[in-house]
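Trainee: Here it is, the structure in full.
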Amino acid sequence: MHNLIELNKTDLEAFVAEDLREPRYRTEQIWQWLWQKRVRDVEAMTNLSRPLREKLASLATIAWPEIARVATSSDGTIKFLLRLHDGKLIETVLIPMADRYSQCLSTQVGCAMACTFCNTGKLGFERNLTYGEIMGQILVGRQYLEDQGMAPLKNLVFMGMGEPLLNLDTLIKVLTDLPCERGLSLSWRRSMVSTVGFPDKLKILGELEIALPAISLHAPTQELRARIMPKAAKVPLDELMRAIDAYPMRPRERITFEYLLLKDVNDSMEHADQLARLIDRKRGKINLIAYNATEDMPYEAPDPDRVEAFEKRLWDHGLTAFIRRSMGADIKAACGQLKADQARSETGDPLPEA
């Protein structure tokens, strides 16, 4: 029995032709029902004949990720803990912007990178997400916003649980299908892929021209990156920067660098100067993120004055830098926190109230 949301556009075309023995236009009809109209029952596909619906229902089902928990922040951030078909748990977050929402998507159950400041890294890696499990997060997010009468979902960031480029084949299928007009109709220009950086995989992503990367840098030197991101630092920083310099971009496009400020670790003015020397101001912009201290982690939040001074120092070097507003702190919106809470609850510790 097929789960229809697990079929990308190409797979659905083959299913319609080979299994259903129907003409090509049926693919577009079914695709629209799945992704634009978000139906969860084949019977709702009313422009298909009853015999065809009965045949389709005998061969396939429609199963979204199950919402295990929803937490809503005072700042409007909405975090979902989703349960997959095998019981695994992942997170996705809706982040309010001026007149729309952006969704942070997971690409793996857990993460193999084990960055020392990340809750997901502490949970370890379990498996890659499937096409339907990634796309299904968007279905859940859009349906929730519509049900609540809230602003629409317009932007995607692949910045949740997992390292997207370690699930590259599936990620490419997702990014390829996002712009389909009868489907989710989300332009690739509104999608950003966050990665610690793998030169060979960045090359593939760049050649396809289906997304811009956001590089999880977090350190301006190889030595410091190896201390706080030991697995990511197996790719030497100079090799990573060469790959980024070679990444194809259209005029006015720039690579985003994510830099998490950790108190007394990477937040000094010397670190700002080193970062400025590393990044080409014509090709890169920097998102500064003040670390939110979390339990069982070895780092502290930086002083606000120091964060602002760090930003200003980068400006003085001619770089474009922004302090990214922290969102959802009151609902544990940092990646992996909600799943970690769930794991603790299953061992007898109480969950905090959503």
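Please note that chains go A, B, ... in the order of the structure tokens, that every chain numbers its residues from 1, and that ligands are numbered from 1 in the order shown.
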Among stretch 18-223 of chain A, which ones does DSSP place in strand (DSSP E), written as number ranges by chain?
Mentor: A: 60-61, 66-72, 78-83, 89-96, 101-104, 108-110, 125-128, 153-158, 191-195, 212-216
Trainee: Just the residues within 6 Å of stretch 202-206 of chain A, please, counting only C-alpha atoms, with nothing from its chain fewer than 4 positions along; format it as a ChimeraX atom specification.
Mentor: /A:198,247-248
Trainee: Give me, as a PyMOL selection string, all polymer residues having an atom no more than 12 Å from A:Val307, counting only C-alpha atoms and skipping those fewer than 2 positions away in the same chain.
Mentor: chain A and resi 259-264+266-269+271-272+287-291+301-305+309-314+321-325
Trainee: Which distance in Å separates atom CA of A:Asn128 and atom CA of A:Val196, to one decimal?
Mentor: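 Atom CA of A:Val196 lies at a distance of 16.6 Å from atom CA of A:Asn128.
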Trainee: Would you mind writing down, as an mmCIF file with N, CA, C and O atoms, in the first residue's frame, each residue of stretch 76-204 of chain A that DSSP on the backbone assigns to alpha helix (DSSP H)?
Mentor:
data_model
loop_
_atom_site.group_PDB
_atom_site.id
_atom_site.type_symbol
_atom_site.label_atom_id
_atom_site.label_comp_id
_atom_site.auth_asym_id
_atom_site.auth_seq_id
_atom_site.Cartn_x
_atom_site.Cartn_y
_atom_site.Cartn_z
ATOM 1 N N ASN A 119 21.166 20.602 21.170
ATOM 2 C CA ASN A 119 20.418 19.529 21.818
ATOM 3 C C ASN A 119 20.202 18.336 20.900
ATOM 4 O O ASN A 119 20.260 17.185 21.338
ATOM 5 N N THR A 120 19.934 18.596 19.625
ATOM 6 C CA THR A 120 19.728 17.493 18.686
ATOM 7 C C THR A 120 20.981 16.650 18.567
ATOM 8 O O THR A 120 20.909 15.417 18.480
ATOM 9 N N GLY A 121 22.142 17.313 18.557
ATOM 10 C CA GLY A 121 23.399 16.574 18.480
ATOM 11 C C GLY A 121 23.580 15.619 19.647
ATOM 12 O O GLY A 121 24.143 14.526 19.498
ATOM 13 N N LYS A 122 23.073 16.015 20.828
ATOM 14 C CA LYS A 122 23.169 15.140 22.001
ATOM 15 C C LYS A 122 22.282 13.907 21.867
ATOM 16 O O LYS A 122 22.564 12.861 22.448
ATOM 17 N N LEU A 123 21.191 14.042 21.097
ATOM 18 C CA LEU A 123 20.268 12.923 20.935
ATOM 19 C C LEU A 123 20.827 11.844 20.019
ATOM 20 O O LEU A 123 20.378 10.702 20.054
ATOM 21 N N TYR A 131 10.976 11.500 1.810
ATOM 22 C CA TYR A 131 10.369 12.605 1.066
ATOM 23 C C TYR A 131 9.054 13.037 1.719
ATOM 24 O O TYR A 131 8.841 14.226 1.987
ATOM 25 N N GLY A 132 8.178 12.096 1.994
ATOM 26 C CA GLY A 132 6.877 12.419 2.572
ATOM 27 C C GLY A 132 6.964 12.962 3.981
ATOM 28 O O GLY A 132 6.117 13.763 4.398
ATOM 29 N N GLU A 133 7.973 12.543 4.737
ATOM 30 C CA GLU A 133 8.131 13.042 6.104
ATOM 31 C C GLU A 133 8.627 14.484 6.134
ATOM 32 O O GLU A 133 8.291 15.244 7.041
ATOM 33 N N ILE A 134 9.417 14.873 5.128
ATOM 34 C CA ILE A 134 9.846 16.268 5.032
ATOM 35 C C ILE A 134 8.705 17.130 4.503
ATOM 36 O O ILE A 134 8.326 18.146 5.094
ATOM 37 N N MET A 135 8.116 16.707 3.387
ATOM 38 C CA MET A 135 7.013 17.468 2.792
ATOM 39 C C MET A 135 5.793 17.485 3.714
ATOM 40 O O MET A 135 5.038 18.466 3.751
ATOM 41 N N GLY A 136 5.601 16.403 4.458
ATOM 42 C CA GLY A 136 4.466 16.321 5.371
ATOM 43 C C GLY A 136 4.509 17.367 6.470
ATOM 44 O O GLY A 136 3.464 17.798 6.980
ATOM 45 N N GLN A 137 5.701 17.799 6.858
ATOM 46 C CA GLN A 137 5.813 18.872 7.850
ATOM 47 C C GLN A 137 5.177 20.155 7.327
ATOM 48 O O GLN A 137 4.549 20.909 8.088
ATOM 49 N N ILE A 138 5.326 20.409 6.023
ATOM 50 C CA ILE A 138 4.745 21.608 5.424
ATOM 51 C C ILE A 138 3.227 21.489 5.406
ATOM 52 O O ILE A 138 2.510 22.468 5.673
ATOM 53 N N LEU A 139 2.702 20.300 5.096
ATOM 54 C CA LEU A 139 1.252 20.085 5.130
ATOM 55 C C LEU A 139 0.701 20.382 6.521
ATOM 56 O O LEU A 139 -0.310 21.075 6.669
ATOM 57 N N VAL A 140 1.368 19.856 7.540
ATOM 58 C CA VAL A 140 0.928 20.078 8.919
ATOM 59 C C VAL A 140 0.944 21.569 9.245
ATOM 60 O O VAL A 140 -0.007 22.113 9.818
ATOM 61 N N GLY A 141 2.029 22.243 8.882
ATOM 62 C CA GLY A 141 2.158 23.669 9.182
ATOM 63 C C GLY A 141 1.109 24.508 8.490
ATOM 64 O O GLY A 141 0.454 25.360 9.107
ATOM 65 N N ARG A 142 0.922 24.283 7.199
ATOM 66 C CA ARG A 142 -0.064 25.075 6.451
ATOM 67 C C ARG A 142 -1.490 24.820 6.948
ATOM 68 O O ARG A 142 -2.289 25.752 7.055
ATOM 69 N N GLN A 143 -1.791 23.558 7.237
ATOM 70 C CA GLN A 143 -3.144 23.252 7.690
ATOM 71 C C GLN A 143 -3.418 23.907 9.040
ATOM 72 O O GLN A 143 -4.509 24.437 9.275
ATOM 73 N N TYR A 144 -2.430 23.886 9.923
ATOM 74 C CA TYR A 144 -2.602 24.502 11.241
ATOM 75 C C TYR A 144 -2.856 26.000 11.106
ATOM 76 O O TYR A 144 -3.767 26.547 11.733
ATOM 77 N N LEU A 145 -2.067 26.668 10.280
ATOM 78 C CA LEU A 145 -2.233 28.111 10.088
ATOM 79 C C LEU A 145 -3.604 28.433 9.499
ATOM 80 O O LEU A 145 -4.256 29.396 9.905
ATOM 81 N N GLU A 146 -4.038 27.625 8.543
ATOM 82 C CA GLU A 146 -5.357 27.858 7.943
ATOM 83 C C GLU A 146 -6.466 27.628 8.962
ATOM 84 O O GLU A 146 -7.410 28.421 9.067
ATOM 85 N N ASP A 147 -6.359 26.552 9.730
ATOM 86 C CA ASP A 147 -7.393 26.247 10.728
ATOM 87 C C ASP A 147 -7.507 27.344 11.772
ATOM 88 O O ASP A 147 -8.602 27.610 12.293
ATOM 89 N N LEU A 168 20.928 14.207 1.039
ATOM 90 C CA LEU A 168 20.920 15.057 -0.146
ATOM 91 C C LEU A 168 19.972 14.567 -1.234
ATOM 92 O O LEU A 168 19.242 15.371 -1.835
ATOM 93 N N ASP A 169 19.943 13.273 -1.519
ATOM 94 C CA ASP A 169 19.086 12.777 -2.599
ATOM 95 C C ASP A 169 17.623 13.122 -2.331
ATOM 96 O O ASP A 169 16.899 13.575 -3.233
ATOM 97 N N THR A 170 17.187 12.910 -1.099
ATOM 98 C CA THR A 170 15.799 13.224 -0.747
ATOM 99 C C THR A 170 15.577 14.731 -0.736
ATOM 100 O O THR A 170 14.540 15.225 -1.204
ATOM 101 N N LEU A 171 16.535 15.475 -0.219
ATOM 102 C CA LEU A 171 16.426 16.939 -0.200
ATOM 103 C C LEU A 171 16.251 17.489 -1.614
ATOM 104 O O LEU A 171 15.428 18.386 -1.843
ATOM 105 N N ILE A 172 16.994 16.957 -2.565
ATOM 106 C CA ILE A 172 16.894 17.425 -3.953
ATOM 107 C C ILE A 172 15.490 17.175 -4.501
ATOM 108 O O ILE A 172 14.910 18.036 -5.183
ATOM 109 N N LYS A 173 14.914 16.015 -4.210
ATOM 110 C CA LYS A 173 13.549 15.730 -4.667
ATOM 111 C C LYS A 173 12.553 16.732 -4.072
ATOM 112 O O LYS A 173 11.653 17.214 -4.757
ATOM 113 N N VAL A 174 12.725 17.036 -2.799
ATOM 114 C CA VAL A 174 11.844 17.998 -2.132
ATOM 115 C C VAL A 174 11.992 19.381 -2.766
ATOM 116 O O VAL A 174 10.999 20.026 -3.144
ATOM 117 N N LEU A 175 13.221 19.861 -2.903
ATOM 118 C CA LEU A 175 13.457 21.192 -3.454
ATOM 119 C C LEU A 175 12.979 21.305 -4.896
ATOM 120 O O LEU A 175 12.515 22.361 -5.330
ATOM 121 N N THR A 176 13.081 20.213 -5.646
ATOM 122 C CA THR A 176 12.632 20.205 -7.037
ATOM 123 C C THR A 176 11.119 20.354 -7.128
ATOM 124 O O THR A 176 10.592 21.037 -8.021
ATOM 125 N N ASP A 177 10.382 19.732 -6.194
ATOM 126 C CA ASP A 177 8.916 19.727 -6.268
ATOM 127 C C ASP A 177 8.252 20.918 -5.573
ATOM 128 O O ASP A 177 7.079 21.194 -5.825
ATOM 129 N N PRO A 199 31.897 20.279 0.896
ATOM 130 C CA PRO A 199 32.203 20.838 -0.423
ATOM 131 C C PRO A 199 31.625 20.057 -1.600
ATOM 132 O O PRO A 199 31.077 20.656 -2.532
ATOM 133 N N ASP A 200 31.721 18.725 -1.582
ATOM 134 C CA ASP A 200 31.227 17.956 -2.721
ATOM 135 C C ASP A 200 29.708 18.077 -2.858
ATOM 136 O O ASP A 200 29.171 18.180 -3.967
ATOM 137 N N LYS A 201 29.016 18.099 -1.741
ATOM 138 C CA LYS A 201 27.554 18.196 -1.773
ATOM 139 C C LYS A 201 27.099 19.627 -2.074
ATOM 140 O O LYS A 201 26.083 19.840 -2.748
ATOM 141 N N LEU A 202 27.843 20.614 -1.598
ATOM 142 C CA LEU A 202 27.540 21.999 -1.953
ATOM 143 C C LEU A 202 27.679 22.210 -3.459
ATOM 144 O O LEU A 202 26.889 22.950 -4.074
ATOM 145 N N LYS A 203 28.644 21.550 -4.058
ATOM 146 C CA LYS A 203 28.852 21.658 -5.506
ATOM 147 C C LYS A 203 27.623 21.147 -6.261
ATOM 148 O O LYS A 203 27.147 21.777 -7.217
ATOM 149 N N ILE A 204 27.088 20.010 -5.814
ATOM 150 C CA ILE A 204 25.898 19.444 -6.453
ATOM 151 C C ILE A 204 24.713 20.388 -6.297
ATOM 152 O O ILE A 204 23.992 20.679 -7.259
#
Trainee: Between A:Lys234, A:Arg277, A:His317, A:Arg283, which has the minimum distance to A:Thr256 (counting only C-alpha atoms)?
Mentor: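 Closest to A:Thr256 of all the choices is A:Arg283.
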Trainee: With only C-alpha atoms as the basis for distance, which of A:Ile67, A:Cys111, A:Leu186, A:Met327 is at the shortest distance from A:Pro96?
Mentor: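 Among the listed residues, A:Met327 lies closest to A:Pro96.
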Trainee: Can you list, as a compact mmCIF listing (two decimals) with all heavy atoms, in the first residue's frame, every protein, DNA or RNA residue that comes within 12 Å of A:Thr195 when you count only C-alpha atoms, leaving out same-chain residues fewer than 4 positions away?
Mentor:
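Saved result, result.txt, follows:
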# COMPACT_ATOMS: atom_id res chain seq x y z
N SER A 106 12.82 19.81 9.61
CA SER A 106 13.81 18.78 9.92
C SER A 106 14.03 17.89 8.70
O SER A 106 13.12 17.69 7.89
CB SER A 106 13.34 17.93 11.10
OG SER A 106 13.29 18.69 12.29
N THR A 107 15.25 17.36 8.58
CA THR A 107 15.58 16.46 7.48
C THR A 107 16.05 15.09 7.95
O THR A 107 16.21 14.18 7.14
CB THR A 107 16.67 17.07 6.58
OG1 THR A 107 17.78 17.45 7.40
CG2 THR A 107 16.15 18.30 5.84
N CYS A 111 20.68 13.81 14.73
CA CYS A 111 21.75 14.38 13.91
C CYS A 111 23.07 13.70 14.26
O CYS A 111 23.36 13.44 15.43
CB CYS A 111 21.86 15.89 14.14
SG CYS A 111 23.08 16.70 13.07
N MET A 113 26.04 15.10 13.58
CA MET A 113 27.14 16.04 13.63
C MET A 113 27.63 16.32 15.05
O MET A 113 28.77 16.75 15.25
CB MET A 113 26.73 17.36 12.96
CG MET A 113 26.37 17.21 11.48
SD MET A 113 27.55 16.21 10.54
CE MET A 113 29.03 17.18 10.70
N VAL A 157 12.96 27.16 5.84
CA VAL A 157 14.38 27.01 6.17
C VAL A 157 14.61 25.57 6.61
O VAL A 157 13.95 25.08 7.51
CB VAL A 157 14.83 28.01 7.27
CG1 VAL A 157 14.90 29.41 6.71
CG2 VAL A 157 13.92 27.97 8.48
N PHE A 158 15.51 24.90 5.93
CA PHE A 158 15.87 23.53 6.30
C PHE A 158 16.94 23.63 7.37
O PHE A 158 18.13 23.51 7.11
CB PHE A 158 16.35 22.76 5.07
CG PHE A 158 15.26 22.54 4.04
CD1 PHE A 158 14.92 23.54 3.14
CD2 PHE A 158 14.57 21.34 4.00
CE1 PHE A 158 13.91 23.35 2.21
CE2 PHE A 158 13.56 21.14 3.08
CZ PHE A 158 13.23 22.14 2.18
N MET A 159 16.48 23.90 8.58
CA MET A 159 17.36 24.28 9.67
C MET A 159 16.95 23.58 10.97
O MET A 159 17.36 23.96 12.05
CB MET A 159 17.29 25.81 9.84
CG MET A 159 18.45 26.46 10.55
SD MET A 159 18.27 28.28 10.62
CE MET A 159 18.54 28.74 8.91
N GLY A 160 16.10 22.57 10.85
CA GLY A 160 15.64 21.85 12.03
C GLY A 160 16.57 20.70 12.38
O GLY A 160 17.79 20.81 12.24
N MET A 161 16.00 19.61 12.83
CA MET A 161 16.81 18.46 13.24
C MET A 161 17.53 17.85 12.03
O MET A 161 16.94 17.66 10.97
CB MET A 161 15.92 17.41 13.90
CG MET A 161 15.19 17.92 15.13
SD MET A 161 14.07 16.69 15.84
CE MET A 161 15.27 15.56 16.55
N GLY A 162 18.81 17.57 12.21
CA GLY A 162 19.57 16.88 11.17
C GLY A 162 20.41 17.81 10.31
O GLY A 162 20.28 19.03 10.33
N GLU A 163 21.31 17.20 9.54
CA GLU A 163 22.16 17.90 8.57
C GLU A 163 21.59 17.63 7.17
O GLU A 163 21.66 16.51 6.66
CB GLU A 163 23.59 17.38 8.67
CG GLU A 163 24.51 17.72 7.51
CD GLU A 163 24.54 19.18 7.13
OE1 GLU A 163 24.87 20.03 7.99
OE2 GLU A 163 24.23 19.50 5.96
N PRO A 164 20.97 18.64 6.54
CA PRO A 164 20.27 18.41 5.28
C PRO A 164 21.11 17.77 4.18
O PRO A 164 20.62 16.92 3.42
CB PRO A 164 19.82 19.82 4.87
CG PRO A 164 19.70 20.56 6.16
CD PRO A 164 20.80 20.02 7.03
N LEU A 165 22.39 18.15 4.08
CA LEU A 165 23.20 17.63 2.99
C LEU A 165 23.59 16.17 3.18
O LEU A 165 24.07 15.53 2.24
CB LEU A 165 24.45 18.50 2.79
CG LEU A 165 24.19 19.94 2.32
CD1 LEU A 165 25.49 20.59 1.88
CD2 LEU A 165 23.16 20.01 1.21
N LEU A 166 23.37 15.63 4.38
CA LEU A 166 23.58 14.20 4.58
C LEU A 166 22.34 13.39 4.21
O LEU A 166 22.33 12.17 4.34
CB LEU A 166 24.00 13.91 6.03
CG LEU A 166 25.37 14.46 6.42
CD1 LEU A 166 25.72 14.07 7.85
CD2 LEU A 166 26.47 14.00 5.46
N ASN A 167 21.31 14.08 3.76
CA ASN A 167 20.12 13.45 3.19
C ASN A 167 19.86 14.09 1.83
O ASN A 167 18.74 14.48 1.50
CB ASN A 167 18.92 13.64 4.13
CG ASN A 167 17.72 12.78 3.78
OD1 ASN A 167 17.80 11.90 2.91
ND2 ASN A 167 16.61 13.02 4.43
N LEU A 168 20.93 14.21 1.04
CA LEU A 168 20.92 15.06 -0.15
C LEU A 168 19.97 14.57 -1.23
O LEU A 168 19.24 15.37 -1.83
CB LEU A 168 22.33 15.19 -0.71
CG LEU A 168 22.48 16.13 -1.92
CD1 LEU A 168 22.04 17.54 -1.57
CD2 LEU A 168 23.93 16.14 -2.42
N PRO A 199 31.90 20.28 0.90
CA PRO A 199 32.20 20.84 -0.42
C PRO A 199 31.63 20.06 -1.60
O PRO A 199 31.08 20.66 -2.53
CB PRO A 199 33.73 20.84 -0.45
CG PRO A 199 34.11 21.04 0.99
CD PRO A 199 33.10 20.24 1.76
N LYS A 201 29.02 18.10 -1.74
CA LYS A 201 27.55 18.20 -1.77
C LYS A 201 27.10 19.63 -2.07
O LYS A 201 26.08 19.84 -2.75
CB LYS A 201 26.98 17.69 -0.45
CG LYS A 201 27.32 16.22 -0.18
CD LYS A 201 26.75 15.72 1.12
CE LYS A 201 27.27 14.34 1.48
NZ LYS A 201 26.88 13.32 0.47
N LEU A 202 27.84 20.61 -1.60
CA LEU A 202 27.54 22.00 -1.95
C LEU A 202 27.68 22.21 -3.46
O LEU A 202 26.89 22.95 -4.07
CB LEU A 202 28.47 22.95 -1.21
CG LEU A 202 28.12 23.26 0.25
CD1 LEU A 202 29.27 24.00 0.92
CD2 LEU A 202 26.84 24.07 0.35
N LEU A 205 24.51 20.90 -5.08
CA LEU A 205 23.39 21.81 -4.82
C LEU A 205 23.50 23.06 -5.67
O LEU A 205 22.51 23.55 -6.24
CB LEU A 205 23.35 22.16 -3.33
CG LEU A 205 22.08 22.82 -2.80
CD1 LEU A 205 20.89 21.88 -2.88
CD2 LEU A 205 22.28 23.28 -1.36
N ALA A 211 18.44 26.01 -4.52
CA ALA A 211 18.42 26.57 -3.17
C ALA A 211 19.70 27.34 -2.92
O ALA A 211 20.73 27.08 -3.56
CB ALA A 211 18.26 25.47 -2.12
N LEU A 212 19.63 28.28 -2.00
CA LEU A 212 20.83 28.94 -1.50
C LEU A 212 21.17 28.37 -0.12
O LEU A 212 20.27 28.13 0.68
CB LEU A 212 20.62 30.45 -1.38
CG LEU A 212 20.73 31.24 -2.68
CD1 LEU A 212 20.33 32.69 -2.45
CD2 LEU A 212 22.15 31.17 -3.25
N PRO A 213 22.43 28.14 0.16
CA PRO A 213 22.79 27.59 1.47
C PRO A 213 22.98 28.66 2.52
O PRO A 213 23.28 29.82 2.23
CB PRO A 213 24.13 26.90 1.17
CG PRO A 213 24.74 27.72 0.09
CD PRO A 213 23.59 28.25 -0.74
N ALA A 214 22.75 28.25 3.76
CA ALA A 214 23.14 29.05 4.92
C ALA A 214 24.19 28.21 5.65
O ALA A 214 23.91 27.06 6.02
CB ALA A 214 21.95 29.32 5.82
N ILE A 215 25.37 28.74 5.80
CA ILE A 215 26.47 27.97 6.37
C ILE A 215 26.53 28.14 7.88
O ILE A 215 26.67 29.24 8.39
CB ILE A 215 27.82 28.41 5.74
CG1 ILE A 215 27.76 28.32 4.21
CG2 ILE A 215 28.96 27.55 6.29
CD1 ILE A 215 27.46 26.95 3.66
N SER A 216 26.38 27.03 8.59
CA SER A 216 26.50 27.04 10.05
C SER A 216 27.98 27.09 10.40
O SER A 216 28.65 26.06 10.50
CB SER A 216 25.85 25.77 10.64
OG SER A 216 24.47 25.77 10.39
N LEU A 217 28.48 28.31 10.57
CA LEU A 217 29.92 28.52 10.74
C LEU A 217 30.31 28.49 12.21
O LEU A 217 31.08 27.64 12.64
CB LEU A 217 30.30 29.85 10.10
CG LEU A 217 31.78 30.13 9.95
CD1 LEU A 217 32.46 29.11 9.06
CD2 LEU A 217 31.98 31.55 9.39
N HIS A 218 29.84 29.47 12.98
CA HIS A 218 29.94 29.52 14.43
C HIS A 218 31.35 29.67 15.00
O HIS A 218 31.52 29.76 16.22
CB HIS A 218 29.29 28.28 15.06
CG HIS A 218 27.89 28.03 14.57
ND1 HIS A 218 26.95 29.02 14.46
CD2 HIS A 218 27.29 26.89 14.14
CE1 HIS A 218 25.81 28.51 13.99
NE2 HIS A 218 25.99 27.23 13.78
N ALA A 232 32.04 18.56 12.15
CA ALA A 232 32.00 19.49 11.02
C ALA A 232 33.40 19.94 10.63
O ALA A 232 33.70 20.13 9.44
CB ALA A 232 31.13 20.70 11.37
N LEU A 240 36.38 24.55 3.00
CA LEU A 240 34.98 24.94 2.98
C LEU A 240 34.80 26.32 2.35
O LEU A 240 33.90 26.52 1.52
CB LEU A 240 34.44 24.95 4.42
CG LEU A 240 33.02 25.51 4.61
CD1 LEU A 240 32.00 24.70 3.81
CD2 LEU A 240 32.64 25.52 6.09
N ILE A 244 32.57 27.57 -0.94
CA ILE A 244 31.58 28.65 -0.88
C ILE A 244 31.89 29.73 -1.92
O ILE A 244 30.99 30.25 -2.58
CB ILE A 244 31.52 29.23 0.55
CG1 ILE A 244 30.96 28.17 1.51
CG2 ILE A 244 30.68 30.50 0.58
CD1 ILE A 244 31.17 28.51 2.96
N ILE A 255 25.61 34.49 0.12
CA ILE A 255 25.56 33.36 1.03
C ILE A 255 25.33 33.86 2.45
O ILE A 255 25.94 34.85 2.88
CB ILE A 255 26.88 32.55 0.98
CG1 ILE A 255 27.13 32.00 -0.43
CG2 ILE A 255 26.85 31.43 2.01
CD1 ILE A 255 26.21 30.90 -0.85
N THR A 256 24.46 33.20 3.19
CA THR A 256 24.24 33.52 4.59
C THR A 256 25.16 32.68 5.46
O THR A 256 25.29 31.46 5.26
CB THR A 256 22.77 33.26 4.99
OG1 THR A 256 21.93 34.09 4.20
CG2 THR A 256 22.55 33.56 6.46
N PHE A 257 25.80 33.32 6.42
CA PHE A 257 26.62 32.61 7.40
C PHE A 257 25.94 32.75 8.76
O PHE A 257 25.62 33.86 9.19
CB PHE A 257 28.04 33.19 7.47
CG PHE A 257 28.85 32.92 6.24
CD1 PHE A 257 28.80 33.79 5.16
CD2 PHE A 257 29.66 31.80 6.16
CE1 PHE A 257 29.54 33.54 4.02
CE2 PHE A 257 30.41 31.54 5.02
CZ PHE A 257 30.35 32.42 3.94
N GLU A 258 25.71 31.63 9.42
CA GLU A 258 25.11 31.63 10.75
C GLU A 258 26.22 31.57 11.78
O GLU A 258 27.12 30.72 11.70
CB GLU A 258 24.17 30.43 10.90
CG GLU A 258 23.00 30.47 9.92
CD GLU A 258 22.36 29.11 9.73
OE1 GLU A 258 22.98 28.10 10.10
OE2 GLU A 258 21.24 29.05 9.22
Trainee: With only C-alpha atoms as the basis for distance, which of A:Tyr299, A:Trp35, A:Phe15, A:Phe80 is at the shortest distance from A:Cys118?
Mentor: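 Of all the options, A:Tyr299 lies closest to A:Cys118.
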Trainee: Might you pull out every residue within 12 Å of A:Glu54, with only C-alpha atoms counted and same-chain residues fewer than 4 positions away left off, and present them as a list of chain:residue names?
Mentor: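 Counting only the stated atoms, we get A:Leu20, A:Asp41, A:Val42, A:Glu43, A:Ala44, A:Met45, A:Thr46, A:Leu48, A:Ser49, A:Arg50, A:Ser58, A:Leu59, A:Ala60, A:Thr61.
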Trainee: Kindly give the distance, in Å, that separates atom CA of A:Pro230 and atom CA of A:Ala112, rounded to a single decimal.
Mentor: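 Atom-to-atom, atom CA of A:Pro230 to atom CA of A:Ala112, that is 11.3 Å.
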Trainee: Could you tell me how far atom CA of A:Leu81 lies from atom CA of A:Glu126, in Å and to one decimal?
Mentor: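 Atom-to-atom, atom CA of A:Leu81 to atom CA of A:Glu126, that is 16.1 Å.
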